[in-house]
Amino acid sequence: MFSEKKYLLVLERVKNACKKAQRNPEDVKILAATKGRSIEEIRTATFPQTEIRLCGENYLQEAEKKIDALKETGLDWHFIGGLQSNKVKKTVELFDVIESLDRKKISEKINCAAREQGIKQKCLIEVNIGGEKQKHGVKLEELKEFAKVCTGFENINFTGLMCSAPFVDAEQTRPFFKKMQKLLNELKPFFGEEFKELSMGMSNDFEVAVEEGSTEIRLGRVMFETR
């Protein structure tokens with residue numbers, strides 16, 4: 001279950017990390033990573049019970065039931081899992097933001113689905129910042145070329161980058177997060193001033209991510225009691 005005590009501690013840790021980095025805590029959004037969480041758990045963890053207005057889901061089928069049940073809450077739903085080609089249309093229909101975009105083929109399908117639905121789909125480009133074979137994300141050496149391709153999709157609004165740092169000691173993630181900030185600045189000319197979001201930092205390393213410029217931290221177990 002969601003733990004208010006843990007949540008308040010998270011807020012304090014974010015505040016302290018922002019103070020250390022001379023940042024405004026209001027510039028850091030918390031996304032509740034709700035994979036495997038019940039509808040009631042999500043309801044307890046999010047607005048208006050807390051200030052959390054973003055929810056992240058990994059699986060379309062699981063998310064669909066939750067989004068429908070909680071539609072009156074006005075939450076923003078972010079897709080943070082690996083996206084399958086045959087589920088793109090429904091994902092565009094349900095989610096406010098797709099954070100895990102890392103393939104041209106998927107980009108084309110998202111652009112087409114968004115055009116059919118008469119919207120501009122917000123997306124983040126997922127970067128494989130650690131070069132890990134088991135993780136999704138655009139390879140560093142392919143990122144600029146991928147960004148050039150992405151500028152041609154008129155029904156996608158690219159708003160920033162996402163990554164999952166290697167699972168190591170928190171302080172050891174700092175070089176990866178520094179690199180993400182550098183990449184964001186390098187790619188901004190491709191997409192304009194709206195390209196400013198950095199979705200990075202999870203339960204084990206979010207303080208370091210905040211210190212290095214994260215605008216959105218994706219938190220699960222650090223705010224919930226152990227199952």
# chains A, B, ... in the order shown; residues from 1 in each chain; ligands from 1

$ residues_around --residues "A:His136" --least-positions-apart "3" --cutoff "8 Å" --atoms "only C-alpha atoms" --output "ChimeraX atom specification"
/A:82,100,102,126-128,133

$ write_last_selection --atoms "C-alpha atoms" --output "mmCIF file, in the first residue's frame"
data_model
loop_
_atom_site.group_PDB
_atom_site.id
_atom_site.type_symbol
_atom_site.label_atom_id
_atom_site.label_comp_id
_atom_site.auth_asym_id
_atom_site.auth_seq_id
_atom_site.Cartn_x
_atom_site.Cartn_y
_atom_site.Cartn_z
ATOM 1 C CA GLY A 82 8.558 -1.112 -24.196
ATOM 2 C CA SER A 100 9.877 5.181 -24.199
ATOM 3 C CA ASP A 102 13.400 4.603 -29.310
ATOM 4 C CA GLU A 126 14.468 7.019 -24.475
ATOM 5 C CA VAL A 127 18.258 6.882 -24.359
ATOM 6 C CA ASN A 128 20.250 3.768 -23.444
ATOM 7 C CA LYS A 133 22.180 -4.798 -23.845
#

$ select_by_dssp --residues "stretch 122-204 of chain A" --states "alpha helix (DSSP H)" --output "ChimeraX atom specification"
/A:143-150,174-191

$ write_last_selection --atoms "C-alpha atoms" --output "tab-separated table (two decimals), in the first residue's frame"
chain	number	residue	atom	x	y	z
A	143	LEU	CA	21.00	9.48	-31.08
A	144	LYS	CA	21.65	12.52	-33.24
A	145	GLU	CA	20.68	10.68	-36.42
A	146	PHE	CA	17.52	9.43	-34.75
A	147	ALA	CA	16.70	12.99	-33.65
A	148	LYS	CA	17.06	14.21	-37.24
A	149	VAL	CA	14.60	11.57	-38.39
A	150	CYS	CA	12.18	12.49	-35.61
A	174	ARG	CA	26.04	10.81	-11.57
A	175	PRO	CA	28.12	10.66	-14.79
A	176	PHE	CA	25.17	9.14	-16.66
A	177	PHE	CA	22.80	11.87	-15.51
A	178	LYS	CA	25.35	14.58	-16.35
A	179	LYS	CA	25.58	13.11	-19.83
A	180	MET	CA	21.78	13.21	-20.20
A	181	GLN	CA	21.72	16.92	-19.42
A	182	LYS	CA	24.43	17.47	-22.02
A	183	LEU	CA	22.48	15.45	-24.61
A	184	LEU	CA	19.31	17.43	-23.92
A	185	ASN	CA	21.15	20.67	-24.63
A	186	GLU	CA	22.71	19.25	-27.79
A	187	LEU	CA	19.37	18.08	-29.18
A	188	LYS	CA	17.33	21.15	-28.28
A	189	PRO	CA	18.17	22.87	-31.61
A	190	PHE	CA	16.39	20.00	-33.40
A	191	PHE	CA	13.14	20.38	-31.48

$ residues_around --residues "stretch 196-203 of chain A" --least-positions-apart "5" --cutoff "8 Å" --atoms "only C-alpha atoms" --output "list in words"
Leu124, Thr159, Gly160, Leu161, Met162, Cys163, Ser164, Ala165, Phe177, Met180, Gln181, Leu184, Lys188, Val208, Ala209, Val210, Gly213, Ser214, Thr215, Glu216, Ile217, Arg218, Leu219, Gly220, Arg221 and Val222 of chain A

$ closest_residue --among "A:Glu40, A:Glu225, A:Asp96, A:Asp68" --to "A:Cys55" --atoms "only C-alpha atoms"
A:Asp96

$ residues_around --residues "stretch 114-120 of chain A" --least-positions-apart "2" --cutoff "8 Å" --atoms "only C-alpha atoms" --output "PDB file with C-alpha atoms, in the first residue's frame"
ATOM      1  CA  LYS A  89      -2.856   3.029 -31.790  1.00  0.00           C
ATOM      2  CA  VAL A  92      -1.783   6.918 -28.345  1.00  0.00           C
ATOM      3  CA  GLU A  93      -5.487   6.903 -27.541  1.00  0.00           C
ATOM      4  CA  ILE A 110       2.720   6.919 -33.433  1.00  0.00           C
ATOM      5  CA  ASN A 111       2.749   9.777 -35.926  1.00  0.00           C
ATOM      6  CA  CYS A 112       0.154   8.014 -38.078  1.00  0.00           C
ATOM      7  CA  LYS A 122       3.772  14.118 -26.617  1.00  0.00           C
ATOM      8  CA  GLU A 154       4.482  16.420 -37.663  1.00  0.00           C
ATOM      9  CA  ASN A 155       2.035  14.777 -35.241  1.00  0.00           C
ATOM     10  CA  ILE A 156       4.565  14.090 -32.511  1.00  0.00           C
ATOM     11  CA  ASN A 157       5.607  16.748 -30.031  1.00  0.00           C
TER      12      ASN A 157
END

$ closest_residue --among "A:Phe47, A:Arg53, A:Ile67, A:Arg103" --to "A:Ile30" --atoms "only C-alpha atoms"
A:Arg53

$ atom_distance --atom1 "atom CA of A:Thr46" --atom2 "atom CA of A:Val28"
15.8 Å

$ closest_residue --among "A:Ala17, A:Glu72, A:Ile39, A:Leu60" --to "A:Lys90" --atoms "only C-alpha atoms"
A:Leu60

$ closest_residue --among "A:Gln121, A:Thr226, A:Asn58, A:Asn204" --to "A:Val10" --atoms "only C-alpha atoms"
A:Asn204

$ select_by_dssp --residues "stretch 112-188 of chain A" --states "strand (DSSP E)" --output "list in words"
Gln121, Lys122, Cys123, Leu124, Ile125, Glu126, Ile156, Asn157, Phe158, Thr159, Gly160, Leu161 and Met162 of chain A

$ write_last_selection --atoms "C-alpha atoms" --output "PDB file, in the first residue's frame"
ATOM      1  CA  GLN A 121       1.260  13.052 -29.261  1.00  0.00           C
ATOM      2  CA  LYS A 122       3.772  14.118 -26.617  1.00  0.00           C
ATOM      3  CA  CYS A 123       6.819  11.837 -26.593  1.00  0.00           C
ATOM      4  CA  LEU A 124      10.198  11.555 -24.934  1.00  0.00           C
ATOM      5  CA  ILE A 125      13.129   9.839 -26.604  1.00  0.00           C
ATOM      6  CA  GLU A 126      14.468   7.019 -24.475  1.00  0.00           C
ATOM      7  CA  ILE A 156       4.565  14.090 -32.511  1.00  0.00           C
ATOM      8  CA  ASN A 157       5.607  16.748 -30.031  1.00  0.00           C
ATOM      9  CA  PHE A 158       9.042  15.753 -28.755  1.00  0.00           C
ATOM     10  CA  THR A 159       9.456  17.293 -25.314  1.00  0.00           C
ATOM     11  CA  GLY A 160      12.645  15.735 -23.942  1.00  0.00           C
ATOM     12  CA  LEU A 161      14.625  12.644 -23.002  1.00  0.00           C
ATOM     13  CA  MET A 162      14.169   9.663 -20.708  1.00  0.00           C
TER      14      MET A 162
END

$ residues_around --residues "A:Ala69" --least-positions-apart "3" --cutoff "12 Å" --atoms "only C-alpha atoms" --output "PyMOL selection string"
chain A and resi 38-40+42-43+62-66+72-75

$ write_last_selection --atoms "C-alpha atoms" --output "PDB file, in the first residue's frame"
ATOM      1  CA  SER A  38      -4.248  -1.614  -7.585  1.00  0.00           C
ATOM      2  CA  ILE A  39      -6.699   1.106  -8.524  1.00  0.00           C
ATOM      3  CA  GLU A  40      -7.246   1.913  -4.839  1.00  0.00           C
ATOM      4  CA  ILE A  42      -3.184   4.599  -7.076  1.00  0.00           C
ATOM      5  CA  ARG A  43      -6.170   6.599  -5.848  1.00  0.00           C
ATOM      6  CA  GLU A  62      -3.018  -3.422 -17.244  1.00  0.00           C
ATOM      7  CA  ALA A  63      -3.110   0.343 -17.703  1.00  0.00           C
ATOM      8  CA  GLU A  64      -6.343   0.438 -19.689  1.00  0.00           C
ATOM      9  CA  LYS A  65      -8.464  -0.708 -16.742  1.00  0.00           C
ATOM     10  CA  LYS A  66      -6.808   1.755 -14.384  1.00  0.00           C
ATOM     11  CA  GLU A  72     -12.463  11.480 -13.200  1.00  0.00           C
ATOM     12  CA  THR A  73      -9.223  12.297 -11.356  1.00  0.00           C
ATOM     13  CA  GLY A  74      -7.622  14.219 -14.233  1.00  0.00           C
ATOM     14  CA  LEU A  75      -4.325  12.373 -13.849  1.00  0.00           C
TER      15      LEU A  75
END
